[in-house]
$ cat start_6.cif   # mmCIF, C-alpha atoms and all ligand atoms
data_work
#
loop_
_atom_site.label_atom_id
_atom_site.label_comp_id
_atom_site.auth_asym_id
_atom_site.auth_seq_id
_atom_site.Cartn_x
_atom_site.Cartn_y
_atom_site.Cartn_z
CA MET A 1 -2.15 -8.67 -25.37
CA LYS A 2 0.29 -6.17 -26.83
CA ILE A 3 1.48 -3.09 -24.97
CA GLU A 4 1.87 -0.67 -27.87
CA ARG A 5 2.55 2.57 -26.03
CA ALA A 6 2.83 3.97 -22.55
CA GLU A 7 2.50 7.37 -20.92
CA LEU A 8 3.76 8.38 -17.51
CA ARG A 9 2.51 11.50 -15.73
CA GLN A 10 3.37 12.91 -12.33
CA VAL A 11 0.45 14.83 -10.90
CA PRO A 12 0.52 16.89 -7.69
CA MET A 13 -2.65 16.47 -5.62
CA ARG A 14 -3.18 18.48 -2.44
CA LEU A 15 -4.91 16.60 0.38
CA GLU A 16 -8.06 18.19 1.79
CA GLU A 17 -6.35 18.05 5.18
CA PRO A 18 -2.85 17.02 6.26
CA PHE A 19 -2.50 13.31 7.10
CA GLU A 20 -0.18 12.62 10.03
CA ILE A 21 1.23 9.21 10.90
CA SER A 22 3.96 8.19 13.34
CA SER A 23 6.71 8.94 10.81
CA GLY A 24 5.54 12.37 9.68
CA VAL A 25 2.87 14.51 7.99
CA MET A 26 1.67 14.40 4.38
CA HIS A 27 0.16 17.53 2.81
CA GLU A 28 0.29 16.67 -0.85
CA ARG A 29 0.69 13.52 -2.92
CA HIS A 30 2.80 13.37 -6.05
CA VAL A 31 0.86 10.75 -7.90
CA ILE A 32 2.57 8.87 -10.73
CA LEU A 33 0.03 7.65 -13.26
CA VAL A 34 0.70 5.00 -15.90
CA ARG A 35 -1.41 4.81 -19.04
CA LEU A 36 -0.85 1.76 -21.24
CA LEU A 37 -2.25 1.59 -24.77
CA GLY A 38 -3.05 -1.37 -26.97
CA GLN A 39 -5.71 -2.39 -29.52
CA GLY A 40 -7.16 1.11 -29.37
CA LEU A 41 -7.84 0.73 -25.64
CA GLU A 42 -6.20 2.13 -22.51
CA GLY A 43 -5.34 0.85 -19.05
CA TRP A 44 -4.51 3.00 -16.02
CA GLY A 45 -2.30 2.37 -13.02
CA GLU A 46 -1.09 4.48 -10.10
CA CYS A 47 2.18 4.23 -8.22
CA VAL A 48 1.66 4.38 -4.44
CA ALA A 49 5.25 5.34 -3.53
CA GLY A 50 5.37 8.19 -1.04
CA GLU A 51 7.24 11.45 -1.27
CA ASP A 52 9.73 10.30 1.39
CA PRO A 53 11.18 6.84 2.14
CA ALA A 54 9.45 6.43 5.54
CA TYR A 55 6.71 3.90 4.82
CA SER A 56 8.82 2.11 2.22
CA SER A 57 12.30 2.57 0.76
CA GLU A 58 10.64 3.58 -2.51
CA THR A 59 9.79 7.22 -3.21
CA THR A 60 8.22 9.17 -6.07
CA GLU A 61 11.75 9.83 -7.35
CA THR A 62 12.98 6.23 -7.22
CA ALA A 63 9.78 5.04 -8.87
CA TRP A 64 10.08 7.63 -11.65
CA HIS A 65 13.69 6.61 -12.20
CA VAL A 66 13.02 2.86 -12.32
CA LEU A 67 9.86 3.24 -14.42
CA THR A 68 11.41 5.51 -17.04
CA ARG A 69 14.87 3.95 -17.19
CA PHE A 70 14.12 0.23 -16.85
CA ILE A 71 10.50 -0.93 -16.62
CA LEU A 72 8.62 0.90 -19.37
CA PRO A 73 11.39 0.66 -22.03
CA ALA A 74 11.40 -3.13 -21.48
CA VAL A 75 7.62 -3.61 -21.38
CA VAL A 76 6.47 -1.37 -24.24
CA GLY A 77 6.36 -3.24 -27.53
CA CYS A 78 5.97 -6.65 -25.84
CA SER A 79 3.19 -9.11 -26.55
CA VAL A 80 2.28 -11.14 -23.50
CA GLU A 81 -0.28 -13.80 -22.54
CA GLY A 82 -1.99 -11.57 -20.01
CA PRO A 83 -1.44 -9.02 -17.26
CA GLU A 84 0.36 -11.52 -14.99
CA ALA A 85 3.13 -11.78 -17.61
CA VAL A 86 3.59 -8.09 -18.34
CA LEU A 87 6.45 -7.78 -15.84
CA ASP A 88 8.28 -10.89 -17.12
CA PRO A 89 10.89 -8.77 -18.95
CA VAL A 90 11.77 -7.00 -15.68
CA ARG A 91 11.78 -9.92 -13.22
CA TRP A 92 15.53 -9.32 -12.86
CA ILE A 93 14.89 -5.97 -11.18
CA ARG A 94 15.21 -6.40 -7.46
CA GLY A 95 12.60 -4.68 -5.29
CA HIS A 96 10.83 -1.56 -6.57
CA ARG A 97 7.50 -3.29 -6.16
CA MET A 98 5.54 -0.04 -6.11
CA ALA A 99 7.01 1.01 -9.46
CA LYS A 100 6.33 -2.46 -10.90
CA ALA A 101 2.80 -2.58 -9.49
CA ALA A 102 1.80 0.62 -11.29
CA VAL A 103 2.50 -1.05 -14.65
CA GLU A 104 1.12 -4.46 -13.73
CA MET A 105 -2.13 -2.93 -12.49
CA ALA A 106 -2.50 -0.78 -15.61
CA ALA A 107 -2.11 -4.00 -17.62
CA TRP A 108 -4.95 -5.62 -15.64
CA ASP A 109 -7.20 -2.66 -16.44
CA LEU A 110 -6.23 -2.86 -20.12
CA ALA A 111 -6.78 -6.64 -20.22
CA ALA A 112 -10.21 -6.31 -18.58
CA ARG A 113 -11.20 -3.69 -21.16
CA MET A 114 -9.94 -5.95 -23.96
CA ASP A 115 -12.24 -8.68 -22.58
CA GLY A 116 -15.07 -6.17 -22.15
CA VAL A 117 -15.43 -7.03 -18.45
CA SER A 118 -14.97 -5.08 -15.25
CA LEU A 119 -11.61 -5.31 -13.49
CA ALA A 120 -13.42 -6.78 -10.47
CA GLU A 121 -14.77 -9.60 -12.62
CA LYS A 122 -11.40 -10.14 -14.29
CA LEU A 123 -9.73 -10.45 -10.87
CA GLY A 124 -12.30 -12.95 -9.61
CA GLY A 125 -14.36 -10.57 -7.48
CA THR A 126 -17.67 -11.81 -6.14
CA ARG A 127 -19.12 -8.79 -4.34
CA SER A 128 -21.06 -5.93 -5.91
CA VAL A 129 -20.47 -3.63 -2.93
CA VAL A 130 -17.61 -3.62 -0.43
CA PRO A 131 -17.73 -2.54 3.23
CA VAL A 132 -15.48 0.43 3.87
CA GLY A 133 -13.67 2.01 6.80
CA VAL A 134 -11.66 5.14 7.32
CA SER A 135 -8.11 5.76 8.50
CA ILE A 136 -7.78 8.83 10.71
CA GLY A 137 -4.40 10.54 11.06
CA LEU A 138 -2.91 11.78 14.35
CA GLN A 139 -4.88 14.77 15.65
CA GLU A 140 -3.71 17.64 17.84
CA SER A 141 -6.05 16.67 20.70
CA ASP A 142 -8.24 13.79 21.87
CA GLU A 143 -11.28 16.06 21.48
CA LYS A 144 -10.45 16.71 17.85
CA LEU A 145 -10.02 12.97 17.31
CA THR A 146 -13.36 12.00 18.87
CA GLU A 147 -15.04 14.75 16.84
CA LYS A 148 -13.53 13.27 13.67
CA VAL A 149 -14.62 9.76 14.61
CA ALA A 150 -18.17 10.99 15.23
CA GLY A 151 -18.20 12.72 11.83
CA TYR A 152 -17.06 9.63 9.92
CA LEU A 153 -19.55 7.43 11.77
CA THR A 154 -22.30 9.82 10.68
CA GLU A 155 -21.07 9.44 7.10
CA GLY A 156 -21.56 5.69 7.49
CA TYR A 157 -18.04 4.27 7.73
CA THR A 158 -18.24 0.83 9.35
CA ARG A 159 -14.81 0.69 10.92
CA ILE A 160 -12.54 3.31 12.39
CA LYS A 161 -8.76 3.10 12.22
CA VAL A 162 -6.76 5.52 14.33
CA LYS A 163 -3.08 6.28 13.85
CA ILE A 164 -1.01 5.98 17.03
CA LYS A 165 2.55 6.74 18.16
CA PRO A 166 4.34 6.72 21.52
CA GLY A 167 2.62 9.24 23.77
CA ARG A 168 -0.53 9.16 21.66
CA ASP A 169 -1.75 5.64 22.23
CA VAL A 170 -3.39 3.89 25.20
CA ALA A 171 -5.00 6.92 26.86
CA MET A 172 -6.09 8.41 23.54
CA LEU A 173 -7.64 5.16 22.31
CA GLY A 174 -9.24 4.71 25.74
CA ARG A 175 -11.08 8.03 25.26
CA VAL A 176 -12.29 6.98 21.83
CA ARG A 177 -13.44 3.63 23.19
CA GLU A 178 -15.21 5.28 26.14
CA ARG A 179 -17.13 7.57 23.82
CA PHE A 180 -17.88 4.84 21.22
CA PRO A 181 -18.13 1.56 23.16
CA GLU A 182 -19.44 -0.54 20.26
CA VAL A 183 -17.61 0.81 17.23
CA PRO A 184 -15.29 -1.57 15.32
CA LEU A 185 -12.02 0.15 16.19
CA MET A 186 -8.37 -0.52 15.38
CA ALA A 187 -5.00 1.22 15.61
CA ASP A 188 -2.11 1.61 13.16
CA ALA A 189 1.36 2.37 14.55
CA ASN A 190 3.34 2.40 11.28
CA SER A 191 6.30 0.77 13.04
CA ALA A 192 6.55 3.29 15.90
CA TYR A 193 7.26 0.74 18.67
CA THR A 194 9.81 -1.87 19.71
CA LEU A 195 9.50 -5.03 21.78
CA ALA A 196 10.51 -2.95 24.81
CA ASP A 197 7.00 -1.43 24.55
CA ALA A 198 5.29 -4.82 24.93
CA SER A 199 3.77 -4.06 28.35
CA LEU A 200 2.36 -0.79 27.05
CA LEU A 201 0.91 -2.51 23.96
CA LYS A 202 -0.56 -5.21 26.22
CA LYS A 203 -2.75 -2.50 27.77
CA LEU A 204 -4.55 -2.21 24.44
CA ASP A 205 -6.10 -5.63 25.13
CA ARG A 206 -8.64 -3.97 27.42
CA LEU A 207 -9.98 -1.78 24.63
CA GLY A 208 -11.45 -4.52 22.46
CA LEU A 209 -9.63 -3.46 19.30
CA MET A 210 -10.18 -5.48 16.13
CA MET A 211 -6.40 -5.49 15.63
CA ILE A 212 -3.24 -3.44 15.90
CA GLU A 213 -1.54 -2.77 12.61
CA GLN A 214 2.24 -2.85 12.14
CA PRO A 215 3.36 -2.05 15.69
CA LEU A 216 7.05 -2.90 15.03
CA ARG A 217 9.54 -2.36 12.22
CA HIS A 218 9.00 -3.89 8.81
CA GLU A 219 11.80 -6.48 9.11
CA ASP A 220 10.73 -7.54 12.62
CA TYR A 221 9.00 -10.85 11.83
CA LEU A 222 10.42 -12.56 14.92
CA GLU A 223 9.72 -9.60 17.17
CA HIS A 224 6.12 -9.43 15.93
CA ALA A 225 5.79 -13.15 16.71
CA HIS A 226 7.06 -12.53 20.26
CA LEU A 227 4.66 -9.61 20.65
CA GLN A 228 1.70 -11.59 19.27
CA ALA A 229 2.40 -14.32 21.86
CA LEU A 230 2.25 -11.68 24.61
CA ILE A 231 -0.89 -9.76 23.62
CA GLY A 232 -4.46 -10.83 22.90
CA THR A 233 -5.18 -8.16 20.29
CA PRO A 234 -4.57 -9.62 16.81
CA ILE A 235 -1.57 -8.14 15.00
CA CYS A 236 -2.13 -7.10 11.39
CA LEU A 237 0.94 -6.62 9.19
CA ASP A 238 1.12 -3.94 6.51
CA GLU A 239 4.68 -2.71 5.75
CA SER A 240 6.18 -6.17 6.51
CA ILE A 241 4.21 -7.97 3.79
CA ARG A 242 5.72 -7.24 0.38
CA SER A 243 5.06 -10.66 -1.17
CA VAL A 244 3.29 -13.97 -0.66
CA GLY A 245 6.63 -15.27 0.66
CA ASP A 246 6.60 -12.62 3.39
CA ALA A 247 3.03 -13.62 4.27
CA GLU A 248 4.03 -17.30 4.48
CA LEU A 249 6.97 -16.42 6.73
CA ALA A 250 4.75 -14.28 8.98
CA LEU A 251 2.15 -17.05 9.31
CA LYS A 252 4.78 -19.71 9.97
CA LEU A 253 6.34 -17.62 12.74
CA GLY A 254 3.02 -16.44 14.16
CA SER A 255 3.89 -12.79 13.51
CA CYS A 256 0.28 -11.82 12.70
CA ARG A 257 -3.31 -13.03 12.42
CA VAL A 258 -4.47 -10.55 9.79
CA VAL A 259 -2.91 -9.04 6.68
CA ASN A 260 -3.55 -5.65 5.10
CA ILE A 261 -3.19 -6.14 1.34
CA LYS A 262 -2.27 -3.13 -0.79
CA PRO A 263 -1.78 -4.19 -4.41
CA GLY A 264 0.47 -1.18 -4.96
CA ARG A 265 2.80 -2.32 -2.16
CA VAL A 266 3.17 -5.98 -3.16
CA GLY A 267 3.94 -5.58 -6.87
CA GLY A 268 0.42 -5.67 -8.28
CA HIS A 269 -2.83 -7.61 -8.43
CA GLY A 270 -1.19 -10.98 -9.19
CA GLU A 271 0.79 -10.98 -5.94
CA ALA A 272 -2.16 -9.45 -4.05
CA LYS A 273 -4.33 -12.36 -5.22
CA ARG A 274 -1.69 -14.89 -4.14
CA ILE A 275 -1.61 -13.38 -0.63
CA HIS A 276 -5.43 -13.36 -0.58
CA ASP A 277 -5.51 -17.03 -1.60
CA LEU A 278 -2.92 -18.03 1.01
CA MET A 279 -4.80 -16.27 3.80
CA GLN A 280 -8.13 -17.71 2.62
CA SER A 281 -6.67 -21.22 2.66
CA ARG A 282 -5.74 -20.65 6.33
CA HIS A 283 -9.16 -19.15 7.12
CA LEU A 284 -7.52 -15.85 8.09
CA PRO A 285 -8.99 -12.47 7.16
CA VAL A 286 -7.51 -9.87 4.86
CA TRP A 287 -8.61 -6.34 4.09
CA CYS A 288 -7.59 -3.83 1.47
CA GLY A 289 -5.37 -1.01 2.66
CA GLY A 290 -4.92 2.39 1.08
CA MET A 291 -2.08 4.79 0.31
CA LEU A 292 -4.10 8.02 -0.08
CA GLU A 293 -4.61 7.14 -3.74
CA SER A 294 -6.34 9.18 -6.40
CA GLY A 295 -9.47 7.73 -7.96
CA ILE A 296 -7.34 5.54 -10.23
CA GLY A 297 -5.61 3.67 -7.41
CA ARG A 298 -8.89 3.65 -5.49
CA ALA A 299 -10.70 1.99 -8.40
CA HIS A 300 -8.04 -0.75 -8.38
CA ASN A 301 -8.43 -1.22 -4.62
CA VAL A 302 -12.23 -1.42 -4.82
CA ALA A 303 -12.02 -4.06 -7.56
CA LEU A 304 -9.54 -6.14 -5.54
CA ALA A 305 -11.61 -5.79 -2.35
CA SER A 306 -14.52 -7.48 -4.15
CA LEU A 307 -12.69 -10.83 -3.86
CA PRO A 308 -14.28 -13.21 -1.35
CA GLY A 309 -11.44 -13.29 1.21
CA PHE A 310 -11.65 -9.54 1.85
CA THR A 311 -14.03 -10.05 4.75
CA LEU A 312 -13.10 -6.93 6.73
CA PRO A 313 -13.79 -3.29 5.76
CA GLY A 314 -10.84 -1.70 3.95
CA ASP A 315 -9.16 1.71 4.10
CA ILE A 316 -11.17 2.64 1.03
CA SER A 317 -12.84 5.96 1.64
CA ALA A 318 -14.81 8.36 -0.51
CA SER A 319 -12.94 10.60 -2.97
CA ARG A 320 -14.01 13.69 -1.04
CA ARG A 321 -12.35 12.40 2.14
CA TYR A 322 -9.03 13.02 0.35
CA TRP A 323 -9.51 15.53 -2.49
CA ALA A 324 -11.47 18.67 -3.29
CA ARG A 325 -11.84 17.13 -6.73
CA ASP A 326 -10.77 13.65 -7.83
CA ILE A 327 -9.29 12.82 -11.26
CA VAL A 328 -11.91 10.21 -12.13
CA SER A 329 -15.59 10.41 -12.81
CA PRO A 330 -17.79 9.47 -11.26
CA GLU A 331 -15.99 10.05 -7.97
CA PHE A 332 -16.14 7.35 -5.30
CA GLU A 333 -18.85 7.69 -2.69
CA VAL A 334 -19.84 5.87 0.48
CA ASN A 335 -23.43 4.82 1.05
CA ASP A 336 -24.60 2.87 4.11
CA GLY A 337 -20.98 2.04 4.92
CA THR A 338 -20.30 0.50 1.54
CA MET A 339 -18.82 1.44 -1.78
CA VAL A 340 -20.27 0.19 -5.04
CA VAL A 341 -17.87 -1.87 -7.18
CA PRO A 342 -17.98 -0.33 -10.67
CA THR A 343 -19.36 -2.68 -13.33
CA GLY A 344 -18.21 -0.93 -16.53
CA PRO A 345 -15.22 -2.27 -18.51
CA GLY A 346 -11.88 -2.18 -16.66
CA LEU A 347 -11.77 0.25 -13.75
CA GLY A 348 -15.31 1.28 -14.55
CA VAL A 349 -14.55 4.95 -13.94
CA GLU A 350 -13.17 7.44 -16.42
CA ALA A 351 -9.84 9.13 -15.89
CA ASP A 352 -10.10 12.89 -16.51
CA ARG A 353 -7.29 13.05 -19.07
CA GLU A 354 -7.67 16.73 -19.79
CA ARG A 355 -7.19 17.58 -16.14
CA ILE A 356 -4.36 15.09 -15.71
CA GLU A 357 -2.54 16.66 -18.68
CA SER A 358 -3.03 20.18 -17.38
CA LEU A 359 -1.91 19.27 -13.83
CA ALA A 360 1.04 17.06 -14.84
CA ARG A 361 4.41 18.33 -13.64
CA ARG A 362 6.47 15.63 -15.28
CA ARG A 363 5.85 13.44 -18.32
CA ALA A 364 7.45 10.63 -20.26
CA ASP A 365 6.13 8.78 -23.30
CA PHE A 366 7.21 5.38 -24.61
CA ASP A 367 6.49 3.88 -28.03
O1 LIG A 401 -0.21 2.61 6.99
O2 LIG A 401 -2.05 2.21 6.04
C1 LIG A 401 -1.08 2.96 6.20
C2 LIG A 401 -1.58 6.19 4.25
C3 LIG A 401 -0.29 6.40 3.78
C4 LIG A 401 0.70 5.54 4.14
C5 LIG A 401 0.42 4.43 4.96
C6 LIG A 401 -0.86 4.21 5.41
C7 LIG A 401 -1.86 5.12 5.07
C8 LIG A 401 -3.22 5.04 5.57
C9 LIG A 401 -4.30 5.73 4.74
O3 LIG A 401 -3.54 4.52 6.61
C10 LIG A 401 -5.29 4.81 4.16
C11 LIG A 401 -6.12 5.50 3.10
O4 LIG A 401 -5.69 5.53 1.92
O5 LIG A 401 -7.18 5.99 3.43
MG MG A 402 -0.75 0.73 7.77
#
$ encode --input "start_6.cif" --output "structure tokens" --more "lines below"
Ligand code: OSB
Ligand code: MG
Amino acid sequence: MKIERAELRQVPMRLEEPFEISSGVMHERHVILVRLLGQGLEGWGECVAGEDPAYSSETTETAWHVLTRFILPAVVGCSVEGPEAVLDPVRWIRGHRMAKAAVEMAAWDLAARMDGVSLAEKLGGTRSVVPVGVSIGLQESDEKLTEKVAGYLTEGYTRIKVKIKPGRDVAMLGRVRERFPEVPLMADANSAYTLADASLLKKLDRLGLMMIEQPLRHEDYLEHAHLQALIGTPICLDESIRSVGDAELALKLGSCRVVNIKPGRVGGHGEAKRIHDLMQSRHLPVWCGGMLESGIGRAHNVALASLPGFTLPGDISASRRYWARDIVSPEFEVNDGTMVVPTGPGLGVEADRERIESLARRRADFD
């Protein structure tokens, strides 16, 4: 496949409601979209870097810099075997996996369209619908939180994830559990704790959580292993897993029993598939995480989540849970706790180019 041209657009998208996690609040995303062109077809990708370097060291600004200065100038004009090889010219770039992933994923969409198949099929997906959950940000009160949980359960979500931080953890989750004794429930700390909090985190064992996501810092593989030995609740790693090598290290040390795979975090679908395959070979579950993506990133996540090892519901929620209006059509919807995997060529949804162009605050073209 030949990458003939590329377009980069930065699009501001205001969240329907602020999303608060242990490191801060998000009100608006600055979505970087990649559009690759070749053989009269297009492929779309989305960069998941945040506006600040809290979740990852990458930000919208670093991604824009690395994409415009290094990645796209090297990739455009190249003919490659397939999407897995599109980043070969930039293997020398250390890190910046979110920036790289945006291009790699766009190449997968383009390659699927060139083959006339859906991205899910191209990736090796086997499911026509995927079970979905919802990730609920920190709320101002426990009442507000339980109200939110009730609302999402009514909408059909099959698993509830609640953000926690010191002071908003055991008691708060206890209230949710009391009110919803049977609901598949989990917590995400986004690295808010240290090993000194082990006895507090041990109290979560009584609540029957599916898992606790990323309790400690992203480099804390050993500390997570110590914590996992002390608590019964399975640990799921998110921020810590940037590659299949990280996943191997975590499994070897016993740092986790579950992995949250976000293709945008690990450098793209190729690496996401390798992590999926590793976990499947160990009979350990994975699920697809989210980064408050627009419909473009969501379409990528839904396609990936159709692979057989994604046995747990992902953080893949309906478009309207995030945006007043999404930038793809049709928008993503949840029915009976599942989302339909699009079957059309590539992403299987259409990017609203007119709207993207009118919203774009920054552009760069490469040919
Ligand atoms: O830790 O999974 C996370 C959103 C932004 C940054 C980090 C995380 C999240 C979420 C939201 O939990 C998941 C979603 O996209 O719905
Ligand atoms: Mg997380």
$ residues_near_ligand --input "start_6.cif" --ligand "ligand LIG 401 (chain A)" --cutoff "9 Å" --atoms "only C-alpha atoms and all ligand atoms" --output "PDB file with C-alpha atoms, keeping the file's coordinate frame"
ATOM      1  CA  PHE A  19      -2.500  13.310   7.100  1.00  0.00           C
ATOM      2  CA  GLU A  20      -0.180  12.620  10.030  1.00  0.00           C
ATOM      3  CA  ILE A  21       1.230   9.210  10.900  1.00  0.00           C
ATOM      4  CA  MET A  26       1.670  14.400   4.380  1.00  0.00           C
ATOM      5  CA  VAL A  48       1.660   4.380  -4.440  1.00  0.00           C
ATOM      6  CA  ALA A  49       5.250   5.340  -3.530  1.00  0.00           C
ATOM      7  CA  GLY A  50       5.370   8.190  -1.040  1.00  0.00           C
ATOM      8  CA  ALA A  54       9.450   6.430   5.540  1.00  0.00           C
ATOM      9  CA  TYR A  55       6.710   3.900   4.820  1.00  0.00           C
ATOM     10  CA  GLY A 133     -13.670   2.010   6.800  1.00  0.00           C
ATOM     11  CA  VAL A 134     -11.660   5.140   7.320  1.00  0.00           C
ATOM     12  CA  SER A 135      -8.110   5.760   8.500  1.00  0.00           C
ATOM     13  CA  ILE A 136      -7.780   8.830  10.710  1.00  0.00           C
ATOM     14  CA  GLY A 137      -4.400  10.540  11.060  1.00  0.00           C
ATOM     15  CA  LYS A 161      -8.760   3.100  12.220  1.00  0.00           C
ATOM     16  CA  VAL A 162      -6.760   5.520  14.330  1.00  0.00           C
ATOM     17  CA  LYS A 163      -3.080   6.280  13.850  1.00  0.00           C
ATOM     18  CA  ASP A 188      -2.110   1.610  13.160  1.00  0.00           C
ATOM     19  CA  ALA A 189       1.360   2.370  14.550  1.00  0.00           C
ATOM     20  CA  ASN A 190       3.340   2.400  11.280  1.00  0.00           C
ATOM     21  CA  GLU A 213      -1.540  -2.770  12.610  1.00  0.00           C
ATOM     22  CA  GLN A 214       2.240  -2.850  12.140  1.00  0.00           C
ATOM     23  CA  ASP A 238       1.120  -3.940   6.510  1.00  0.00           C
ATOM     24  CA  GLU A 239       4.680  -2.710   5.750  1.00  0.00           C
ATOM     25  CA  ASN A 260      -3.550  -5.650   5.100  1.00  0.00           C
ATOM     26  CA  LYS A 262      -2.270  -3.130  -0.790  1.00  0.00           C
ATOM     27  CA  GLY A 289      -5.370  -1.010   2.660  1.00  0.00           C
ATOM     28  CA  GLY A 290      -4.920   2.390   1.080  1.00  0.00           C
ATOM     29  CA  MET A 291      -2.080   4.790   0.310  1.00  0.00           C
ATOM     30  CA  LEU A 292      -4.100   8.020  -0.080  1.00  0.00           C
ATOM     31  CA  GLU A 293      -4.610   7.140  -3.740  1.00  0.00           C
ATOM     32  CA  ARG A 298      -8.890   3.650  -5.490  1.00  0.00           C
ATOM     33  CA  GLY A 314     -10.840  -1.700   3.950  1.00  0.00           C
ATOM     34  CA  ASP A 315      -9.160   1.710   4.100  1.00  0.00           C
ATOM     35  CA  ILE A 316     -11.170   2.640   1.030  1.00  0.00           C
ATOM     36  CA  SER A 317     -12.840   5.960   1.640  1.00  0.00           C
ATOM     37  CA  ALA A 318     -14.810   8.360  -0.510  1.00  0.00           C
ATOM     38  CA  ARG A 321     -12.350  12.400   2.140  1.00  0.00           C
ATOM     39  CA  TYR A 322      -9.030  13.020   0.350  1.00  0.00           C
TER      40      TYR A 322
END
$ residues_around --input "start_6.cif" --residues "stretch 90-102 of chain A" --least-positions-apart "4" --cutoff "6 Å" --atoms "only C-alpha atoms" --output "PDB file with C-alpha atoms, in the frame of the given file"
ATOM      1  CA  GLY A  45      -2.300   2.370 -13.020  1.00  0.00           C
ATOM      2  CA  GLU A  46      -1.090   4.480 -10.100  1.00  0.00           C
ATOM      3  CA  CYS A  47       2.180   4.230  -8.220  1.00  0.00           C
ATOM      4  CA  ALA A  49       5.250   5.340  -3.530  1.00  0.00           C
ATOM      5  CA  ALA A  63       9.780   5.040  -8.870  1.00  0.00           C
ATOM      6  CA  GLY A 264       0.470  -1.180  -4.960  1.00  0.00           C
ATOM      7  CA  ARG A 265       2.800  -2.320  -2.160  1.00  0.00           C
ATOM      8  CA  VAL A 266       3.170  -5.980  -3.160  1.00  0.00           C
ATOM      9  CA  GLY A 267       3.940  -5.580  -6.870  1.00  0.00           C
ATOM     10  CA  GLY A 268       0.420  -5.670  -8.280  1.00  0.00           C
TER      11      GLY A 268
END
$ residues_around --input "start_6.cif" --residues "A:Tyr157" --least-positions-apart "5" --cutoff "9 Å" --atoms "all atoms listed in the file" --output "list in words"
Pro131, Val132, Gly133, Val134, Tyr152, Pro313, Ser317, Val334, Asn335, Asp336, Gly337 and Thr338 of chain A
$ residues_around --input "start_6.cif" --residues "A:Glu354" --least-positions-apart "6" --cutoff "12 Å" --atoms "all atoms listed in the file" --output "list in words"
Ile327, Val328 and Ala360 of chain A
$ write_last_selection --input "start_6.cif" --atoms "C-alpha atoms" --output "PDB file, in the coordinates of the input"
ATOM      1  CA  ILE A 327      -9.290  12.820 -11.260  1.00  0.00           C
ATOM      2  CA  VAL A 328     -11.910  10.210 -12.130  1.00  0.00           C
ATOM      3  CA  ALA A 360       1.040  17.060 -14.840  1.00  0.00           C
TER       4      ALA A 360
END
$ closest_residue --input "start_6.cif" --among "A:Asp197, A:Glu357, A:Glu104, A:Glu248" --to "A:Val11" --atoms "all atoms listed in the file"
A:Glu357
$ residues_around --input "start_6.cif" --residues "stretch 340-352 of chain A" --least-positions-apart "5" --cutoff "7 Å" --atoms "all atoms listed in the file" --output "list in words"
Asp109, Leu110, Ala112, Arg113, Gly116, Val117, Ser118, Leu119, Ser128, Val129, Val130, Ala299, His300, Val302, Ala303, Ile327, Val328, Ser329 and Pro330 of chain A
$ atom_distance --input "start_6.cif" --atom1 "atom CA of A:Gln39" --atom2 "atom CA of A:Ser79"
11.5 Å
$ atom_distance --input "start_6.cif" --atom1 "atom CA of A:Ser281" --atom2 "atom CA of A:Pro263"
19.1 Å
$ residues_around --input "start_6.cif" --residues "A:His283" --least-positions-apart "5" --cutoff "12 Å" --atoms "only C-alpha atoms" --output "list in words"
Leu251, Arg257, Val258, Val259, His276, Asp277, Leu278, Pro308, Gly309, Phe310 and Thr311 of chain A
$ axis_aligned_box --input "start_6.cif" --around "stretch 234-251 of chain A" --padding-each-side "4 Å" --output "JSON"
{"center_x": 1.2, "center_y": -10.0, "center_z": 7.8, "size_x": 19.5, "size_y": 22.6, "size_z": 26.0}
$ closest_residue --input "start_6.cif" --among "A:Ile261, A:Asn301, A:Asp326, A:Ser294" --to "ligand MG 402 (chain A)" --atoms "all atoms listed in the file"
A:Ile261
$ atom_distance --input "start_6.cif" --atom1 "atom CA of A:Gln10" --atom2 "atom CA of A:Val31"
5.5 Å
$ closest_residue --input "start_6.cif" --among "A:Leu123, A:Ala111, A:Ile296, A:Ala192" --to "ligand MG 402 (chain A)" --atoms "only C-alpha atoms and all ligand atoms"
A:Ala192
$ closest_residue --input "start_6.cif" --among "A:Ile212, A:Ile71, A:Leu249, A:Val80" --to "ligand MG 402 (chain A)" --atoms "all atoms listed in the file"
A:Ile212
$ closest_residue --input "start_6.cif" --among "A:Arg29, A:Lys148, A:His218, A:Arg325" --to "ligand MG 402 (chain A)" --atoms "all atoms listed in the file"
A:His218
$ closest_residue --input "start_6.cif" --among "A:Ser191, A:Ser199, A:Thr59, A:Gln280" --to "ligand MG 402 (chain A)" --atoms "all atoms listed in the file"
A:Ser191
$ residues_near_point --input "start_6.cif" --point "(-20.6, 8.3, 12.4)" --cutoff "12 Å" --atoms "all atoms listed in the file" --output "short mmCIF file (atom, residue, chain, number, x, y, z; two decimals) with C-alpha atoms, keeping the file's coordinate frame"
data_model
loop_
_atom_site.label_atom_id
_atom_site.label_comp_id
_atom_site.auth_asym_id
_atom_site.auth_seq_id
_atom_site.Cartn_x
_atom_site.Cartn_y
_atom_site.Cartn_z
CA GLY A 133 -13.67 2.01 6.80
CA VAL A 134 -11.66 5.14 7.32
CA THR A 146 -13.36 12.00 18.87
CA GLU A 147 -15.04 14.75 16.84
CA LYS A 148 -13.53 13.27 13.67
CA VAL A 149 -14.62 9.76 14.61
CA ALA A 150 -18.17 10.99 15.23
CA GLY A 151 -18.20 12.72 11.83
CA TYR A 152 -17.06 9.63 9.92
CA LEU A 153 -19.55 7.43 11.77
CA THR A 154 -22.30 9.82 10.68
CA GLU A 155 -21.07 9.44 7.10
CA GLY A 156 -21.56 5.69 7.49
CA TYR A 157 -18.04 4.27 7.73
CA THR A 158 -18.24 0.83 9.35
CA ARG A 159 -14.81 0.69 10.92
CA ILE A 160 -12.54 3.31 12.39
CA ARG A 179 -17.13 7.57 23.82
CA PHE A 180 -17.88 4.84 21.22
CA GLU A 182 -19.44 -0.54 20.26
CA VAL A 183 -17.61 0.81 17.23
CA PRO A 184 -15.29 -1.57 15.32
CA ASP A 336 -24.60 2.87 4.11
CA GLY A 337 -20.98 2.04 4.92
#
